[in-house]
$ cat protein_20.pdb   # PDB, C-alpha atoms
MODEL        1
ATOM      1  CA  MET K 166      -7.253  19.667  11.933
ATOM      2  CA  LYS K 167      -8.000  15.974  12.476
ATOM      3  CA  HIS K 168      -5.244  15.012  10.000
ATOM      4  CA  LEU K 169      -2.778  17.347  11.745
ATOM      5  CA  PHE K 170      -3.582  15.746  15.106
ATOM      6  CA  LEU K 171      -3.210  12.226  13.658
ATOM      7  CA  SER K 172       0.068  13.194  12.009
ATOM      8  CA  ILE K 173       1.510  14.565  15.229
ATOM      9  CA  CYS K 174       0.362  11.473  17.164
ATOM     10  CA  PHE K 175       1.953   9.198  14.541
ATOM     11  CA  THR K 176       5.263  11.036  14.734
ATOM     12  CA  LEU K 177       5.280  11.080  18.534
ATOM     13  CA  LEU K 178       4.576   7.335  18.644
ATOM     14  CA  LEU K 179       7.548   6.701  16.387
ATOM     15  CA  ALA K 180       9.789   9.037  18.351
ATOM     16  CA  LEU K 181       8.847   7.559  21.726
ATOM     17  CA  GLY K 182       9.616   4.071  20.481
ATOM     18  CA  ALA K 183      12.885   5.041  18.872
ATOM     19  CA  ALA K 184      15.443   5.174  21.694
ATOM     20  CA  PRO K 185      18.637   3.288  20.785
ATOM     21  CA  ILE K 186      19.386  -0.161  22.171
ATOM     22  CA  VAL K 187      22.901  -1.281  23.064
ATOM     23  CA  ALA K 188      25.459  -3.726  21.587
ATOM     24  CA  GLY K 189      25.395  -6.664  19.135
ATOM     25  CA  ASP K 190      23.303  -7.496  16.027
ATOM     26  CA  SER K 191      20.684  -9.869  17.269
ATOM     27  CA  GLN K 192      18.258 -10.033  20.115
ATOM     28  CA  PRO K 193      18.104  -7.278  22.106
ATOM     29  CA  GLY K 194      21.200  -5.644  20.727
ATOM     30  CA  GLU K 195      21.714  -2.856  18.291
ATOM     31  CA  LEU K 196      19.704  -3.248  15.112
ATOM     32  CA  ALA K 197      21.933  -3.556  12.050
ATOM     33  CA  THR K 198      20.944  -1.607   8.964
ATOM     34  CA  VAL K 199      22.086  -2.214   5.409
ATOM     35  CA  PRO K 200      25.746  -1.175   4.984
ATOM     36  CA  SER K 201      25.110   1.332   2.205
ATOM     37  CA  PHE K 202      22.010   2.935   0.819
ATOM     38  CA  ASP K 203      21.292   4.967  -2.305
ATOM     39  CA  VAL K 204      18.476   7.310  -1.328
ATOM     40  CA  GLN K 205      17.881   8.356  -4.955
ATOM     41  CA  ARG K 206      17.255   4.741  -6.021
ATOM     42  CA  TYR K 207      14.762   4.516  -3.158
ATOM     43  CA  MET K 208      12.623   7.347  -4.562
ATOM     44  CA  GLY K 209       9.292   6.401  -6.094
ATOM     45  CA  LYS K 210       6.313   4.350  -5.051
ATOM     46  CA  TRP K 211       6.444   1.403  -2.635
ATOM     47  CA  GLU K 212       3.520  -0.880  -1.823
ATOM     48  CA  GLU K 213       3.036  -2.431   1.582
ATOM     49  CA  PHE K 214       3.353  -6.212   1.519
ATOM     50  CA  ALA K 215       3.305  -6.841   5.276
ATOM     51  CA  ARG K 216       3.723  -4.955   8.547
ATOM     52  CA  PHE K 217       3.560  -5.248  12.294
ATOM     53  CA  PRO K 218       0.194  -4.000  13.581
ATOM     54  CA  ASN K 219       0.420  -0.384  14.727
ATOM     55  CA  LYS K 220      -1.931   2.293  16.044
ATOM     56  CA  PHE K 221      -1.465   4.796  13.238
ATOM     57  CA  GLN K 222      -2.503   2.282  10.542
ATOM     58  CA  GLU K 223      -5.247   0.463  12.426
ATOM     59  CA  LYS K 224      -7.965   2.055  10.263
ATOM     60  CA  CYS K 225      -6.218   1.068   7.023
ATOM     61  CA  ALA K 226      -8.061  -1.799   5.331
ATOM     62  CA  GLY K 227      -5.547  -2.181   2.494
ATOM     63  CA  ASP K 228      -3.992  -0.464  -0.491
ATOM     64  CA  SER K 229      -1.186   0.990   1.660
ATOM     65  CA  THR K 230       1.549   2.770  -0.256
ATOM     66  CA  ALA K 231       4.421   5.161   0.409
ATOM     67  CA  GLU K 232       5.669   7.451  -2.342
ATOM     68  CA  TYR K 233       9.008   9.229  -1.933
ATOM     69  CA  SER K 234      10.217  12.179  -3.974
ATOM     70  CA  SER K 235      13.177  14.540  -3.876
ATOM     71  CA  LEU K 236      12.302  18.201  -3.670
ATOM     72  CA  GLN K 237      14.278  21.053  -5.235
ATOM     73  CA  ASP K 238      15.625  22.170  -1.863
ATOM     74  CA  GLY K 239      17.207  18.728  -1.341
ATOM     75  CA  SER K 240      14.616  17.512   1.144
ATOM     76  CA  ILE K 241      12.562  14.348   0.723
ATOM     77  CA  ARG K 242       8.791  14.174   0.753
ATOM     78  CA  VAL K 243       6.768  11.062   1.496
ATOM     79  CA  ILE K 244       3.073  10.598   0.875
ATOM     80  CA  ASN K 245       1.520   7.642   2.678
ATOM     81  CA  ARG K 246      -1.850   6.422   1.431
ATOM     82  CA  CYS K 247      -4.252   3.666   2.425
ATOM     83  CA  ARG K 248      -7.828   2.651   1.786
ATOM     84  CA  LEU K 249     -10.141   2.775   4.790
ATOM     85  CA  ALA K 250     -12.897   0.201   5.368
ATOM     86  CA  SER K 251     -15.385   2.799   4.062
ATOM     87  CA  GLY K 252     -13.545   2.781   0.735
ATOM     88  CA  GLU K 253     -12.232   6.304   1.288
ATOM     89  CA  LEU K 254      -8.576   6.938   0.459
ATOM     90  CA  HIS K 255      -6.616   8.344   3.414
ATOM     91  CA  GLU K 256      -3.457  10.337   2.701
ATOM     92  CA  VAL K 257      -0.819  11.943   4.892
ATOM     93  CA  GLU K 258       2.262  13.866   3.768
ATOM     94  CA  GLY K 259       5.533  13.945   5.647
ATOM     95  CA  GLY K 260       9.215  14.595   5.403
ATOM     96  CA  VAL K 261      12.169  12.230   5.435
ATOM     97  CA  ARG K 262      15.781  12.922   6.285
ATOM     98  CA  GLN K 263      18.875  10.794   6.096
ATOM     99  CA  VAL K 264      20.812  10.544   9.364
ATOM    100  CA  GLY K 265      24.558  10.023   9.267
ATOM    101  CA  GLY K 266      25.345  11.400   5.853
ATOM    102  CA  GLU K 267      25.235  10.160   2.288
ATOM    103  CA  GLY K 268      24.979   6.380   2.032
ATOM    104  CA  SER K 269      23.440   6.022   5.493
ATOM    105  CA  SER K 270      20.485   3.635   5.693
ATOM    106  CA  LYS K 271      19.204   5.328   8.839
ATOM    107  CA  LEU K 272      16.324   7.603   7.983
ATOM    108  CA  GLU K 273      13.954   9.631  10.094
ATOM    109  CA  VAL K 274      10.394  10.487   9.167
ATOM    110  CA  SER K 275       8.042  13.185  10.414
ATOM    111  CA  PHE K 276       4.395  13.808   9.615
ATOM    112  CA  SER K 277       4.248  16.971  11.707
ATOM    113  CA  PRO K 278       4.077  20.442  10.164
ATOM    114  CA  SER K 279       7.450  21.588   8.823
ATOM    115  CA  TRP K 280       7.574  24.457  11.321
ATOM    116  CA  LEU K 281       7.926  21.816  14.081
ATOM    117  CA  SER K 282      10.840  20.019  12.383
ATOM    118  CA  PHE K 283      13.385  21.575  14.749
ATOM    119  CA  ILE K 284      11.911  19.501  17.617
ATOM    120  CA  PRO K 285      13.705  16.123  17.792
ATOM    121  CA  ALA K 286      10.625  14.349  19.201
ATOM    122  CA  VAL K 287       8.641  14.863  15.966
ATOM    123  CA  TRP K 288      11.101  12.649  14.064
ATOM    124  CA  GLY K 289      10.852   8.860  14.265
ATOM    125  CA  ASP K 290      13.448   6.290  13.263
ATOM    126  CA  TYR K 291      12.796   4.643   9.918
ATOM    127  CA  TRP K 292      15.758   2.382   9.241
ATOM    128  CA  VAL K 293      16.409   0.372   6.100
ATOM    129  CA  ILE K 294      17.327  -3.011   7.596
ATOM    130  CA  ASP K 295      17.123  -5.107   4.417
ATOM    131  CA  ILE K 296      16.889  -4.241   0.734
ATOM    132  CA  ASP K 297      17.411  -6.304  -2.370
ATOM    133  CA  PRO K 298      20.157  -5.214  -4.807
ATOM    134  CA  ASN K 299      17.581  -4.037  -7.368
ATOM    135  CA  TYR K 300      15.644  -1.912  -4.850
ATOM    136  CA  GLN K 301      12.433  -3.895  -5.431
ATOM    137  CA  MET K 302      11.823  -5.136  -1.859
ATOM    138  CA  VAL K 303      12.722  -3.452   1.424
ATOM    139  CA  ALA K 304      12.295  -4.067   5.144
ATOM    140  CA  ILE K 305      12.002  -0.987   7.341
ATOM    141  CA  GLY K 306      12.362  -1.128  11.105
ATOM    142  CA  GLU K 307      13.482   0.830  14.125
ATOM    143  CA  PRO K 308      15.816   0.106  17.075
ATOM    144  CA  LYS K 309      13.242  -1.294  19.501
ATOM    145  CA  ARG K 310      11.817  -3.668  16.873
ATOM    146  CA  GLU K 311       8.266  -2.558  17.653
ATOM    147  CA  TYR K 312       7.588  -1.504  14.080
ATOM    148  CA  LEU K 313       8.304  -3.363  10.855
ATOM    149  CA  TRP K 314       7.207  -2.830   7.265
ATOM    150  CA  ILE K 315       7.956  -4.973   4.238
ATOM    151  CA  MET K 316       7.451  -2.968   1.063
ATOM    152  CA  THR K 317       7.777  -3.845  -2.622
ATOM    153  CA  ARG K 318       7.650  -2.024  -5.931
ATOM    154  CA  GLY K 319       4.537  -4.045  -6.706
ATOM    155  CA  GLN K 320       6.323  -7.030  -8.199
ATOM    156  CA  PRO K 321       5.419 -10.522  -6.976
ATOM    157  CA  ILE K 322       7.754 -11.912  -4.312
ATOM    158  CA  SER K 323       8.890 -15.504  -4.731
ATOM    159  CA  THR K 324       8.482 -17.840  -1.777
ATOM    160  CA  ALA K 325      12.257 -18.380  -1.614
ATOM    161  CA  THR K 326      12.927 -14.621  -1.548
ATOM    162  CA  TYR K 327      10.322 -14.036   1.141
ATOM    163  CA  MET K 328      11.548 -16.947   3.299
ATOM    164  CA  GLY K 329      15.104 -15.614   3.006
ATOM    165  CA  LEU K 330      13.930 -12.186   4.163
ATOM    166  CA  LEU K 331      12.033 -13.705   7.100
ATOM    167  CA  SER K 332      15.156 -15.610   8.126
ATOM    168  CA  ARG K 333      17.263 -12.435   8.055
ATOM    169  CA  LEU K 334      14.622 -10.518  10.025
ATOM    170  CA  MET K 335      14.476 -13.240  12.700
ATOM    171  CA  ALA K 336      18.291 -13.116  12.955
ATOM    172  CA  LYS K 337      17.919  -9.375  13.652
ATOM    173  CA  GLY K 338      15.577 -10.110  16.554
ATOM    174  CA  TYR K 339      12.182  -9.594  14.893
ATOM    175  CA  ASP K 340       9.223 -11.805  15.815
ATOM    176  CA  THR K 341       7.986 -12.372  12.263
ATOM    177  CA  LYS K 342       4.857 -14.151  13.551
ATOM    178  CA  ARG K 343       3.503 -10.662  14.300
ATOM    179  CA  LEU K 344       3.372  -9.732  10.601
ATOM    180  CA  VAL K 345      -0.028  -8.949   9.108
ATOM    181  CA  PHE K 346      -0.814  -8.836   5.396
ATOM    182  CA  PRO K 347      -3.260  -5.995   4.765
ATOM    183  CA  GLY K 348      -3.755  -6.663   1.084
ATOM    184  CA  PRO K 349      -2.227  -5.247  -2.079
ATOM    185  CA  PRO K 350      -3.169  -1.938  -3.661
ATOM    186  CA  ALA K 351      -6.005  -2.126  -6.151
ATOM    187  CA  ARG K 352      -4.835  -2.152  -9.758
ATOM    188  CA  LYS K 353      -6.377   0.276 -12.220
TER     189      LYS K 353
ENDMDL
END

$ encode --input "protein_20.pdb" --output "structure tokens"
Amino acid sequence: MKHLFLSICFTLLLALGAAPIVAGDSQPGELATVPSFDVQRYMGKWEEFARFPNKFQEKCAGDSTAEYSSLQDGSIRVINRCRLASGELHEVEGGVRQVGGEGSSKLEVSFSPSWLSFIPAVWGDYWVIDIDPNYQMVAIGEPKREYLWIMTRGQPISTATYMGLLSRLMAKGYDTKRLVFPGPPARK
């Protein structure tokens, strides 16, 4: 029951912060996403490199991952995991949908029970705002720029690549000084 409550709170937080902004590509205009996106190439495991602090991950001490998979019915499942300070692994499962048709980089995510998926407020914006051509590093944001995640496939990021990403994120109106680095997943 606790996980259900946390999942609903997470989704509502995203939805409440997801109202569109108007005009332009940088400060406080409309947030530009990547022009085309291959959702099937996005499937698989992503490791959190950096993020903006947020309420629904405040208990995560590190080892944050998101694993996406296509289901037989055409829907997308995501499993988010992180290690708590106690060492316990926390896991939450949700659904993802692409908004705007095939090739759209605007996604929505919900961690509420599937029977609530008809309610728009349980879906939060999860937009792909930067991705490298090899789908090894991605920046995820939302229109109000309150949330930001930088995820990788676990490969090291060169300083030049990271600085380039930071520059592009600042041009999109993100305050990159807010980024925190929770630590990489433990290797086994």

$ resolve_selection --input "protein_20.pdb" --expression "the PyMOL selection byres ((chain K and resi 234-251) around 12)" --output "PyMOL selection string"
chain K and resi 172+175+204-213+221-233+252-263+272-276+279+347-351

$ closest_residue --input "protein_20.pdb" --among "K:Leu330, K:Val199, K:Leu344, K:Val264" --to "K:Gly289" --atoms "only C-alpha atoms"
K:Val264

$ resolve_selection --input "protein_20.pdb" --expression "the PyMOL selection byres ((chain K and resi 315) around 6)" --output "MDAnalysis selection string"
chainID K and resid 214:215 303:304 314 316

$ atom_distance --input "protein_20.pdb" --atom1 "atom CA of K:Asp340" --atom2 "atom CA of K:Pro218"
12.1 Å

$ atom_distance --input "protein_20.pdb" --atom1 "atom CA of K:Glu307" --atom2 "atom CA of K:Asp295"
11.9 Å

$ closest_residue --input "protein_20.pdb" --among "K:Leu313, K:Ile322, K:Met328, K:Val293" --to "K:Lys271" --atoms "all atoms listed in the file"
K:Val293

$ closest_residue --input "protein_20.pdb" --among "K:Arg318, K:Arg310, K:Arg216, K:Arg343" --to "K:Trp292" --atoms "only C-alpha atoms"
K:Arg310

$ axis_aligned_box --input "protein_20.pdb" --around "stretch 306-325 of chain K" --padding-each-side "4 Å" --output "lines of an AutoDock Vina configuration file"
center_x = 10.2
center_y = -8.8
center_z = 5.7
size_x = 19.3
size_y = 27.2
size_z = 35.7

$ residues_around --input "protein_20.pdb" --residues "K:Met302" --least-positions-apart "3" --cutoff "6 Å" --atoms "only C-alpha atoms" --output "mmCIF file with C-alpha atoms, in the frame of the given file"
data_model
loop_
_atom_site.group_PDB
_atom_site.id
_atom_site.type_symbol
_atom_site.label_atom_id
_atom_site.label_comp_id
_atom_site.auth_asym_id
_atom_site.auth_seq_id
_atom_site.Cartn_x
_atom_site.Cartn_y
_atom_site.Cartn_z
ATOM 1 C CA ILE K 296 16.889 -4.241 0.734
ATOM 2 C CA ASP K 297 17.411 -6.304 -2.370
ATOM 3 C CA MET K 316 7.451 -2.968 1.063
ATOM 4 C CA THR K 317 7.777 -3.845 -2.622
#

$ atom_distance --input "protein_20.pdb" --atom1 "atom CA of K:Phe202" --atom2 "atom CA of K:Arg333"
17.6 Å

$ residues_around --input "protein_20.pdb" --residues "K:Asp203" --least-positions-apart "4" --cutoff "10 Å" --atoms "only C-alpha atoms" --output "list in words"
Tyr207, Met208, Glu267, Gly268, Ser269, Ser270 and Tyr300 of chain K
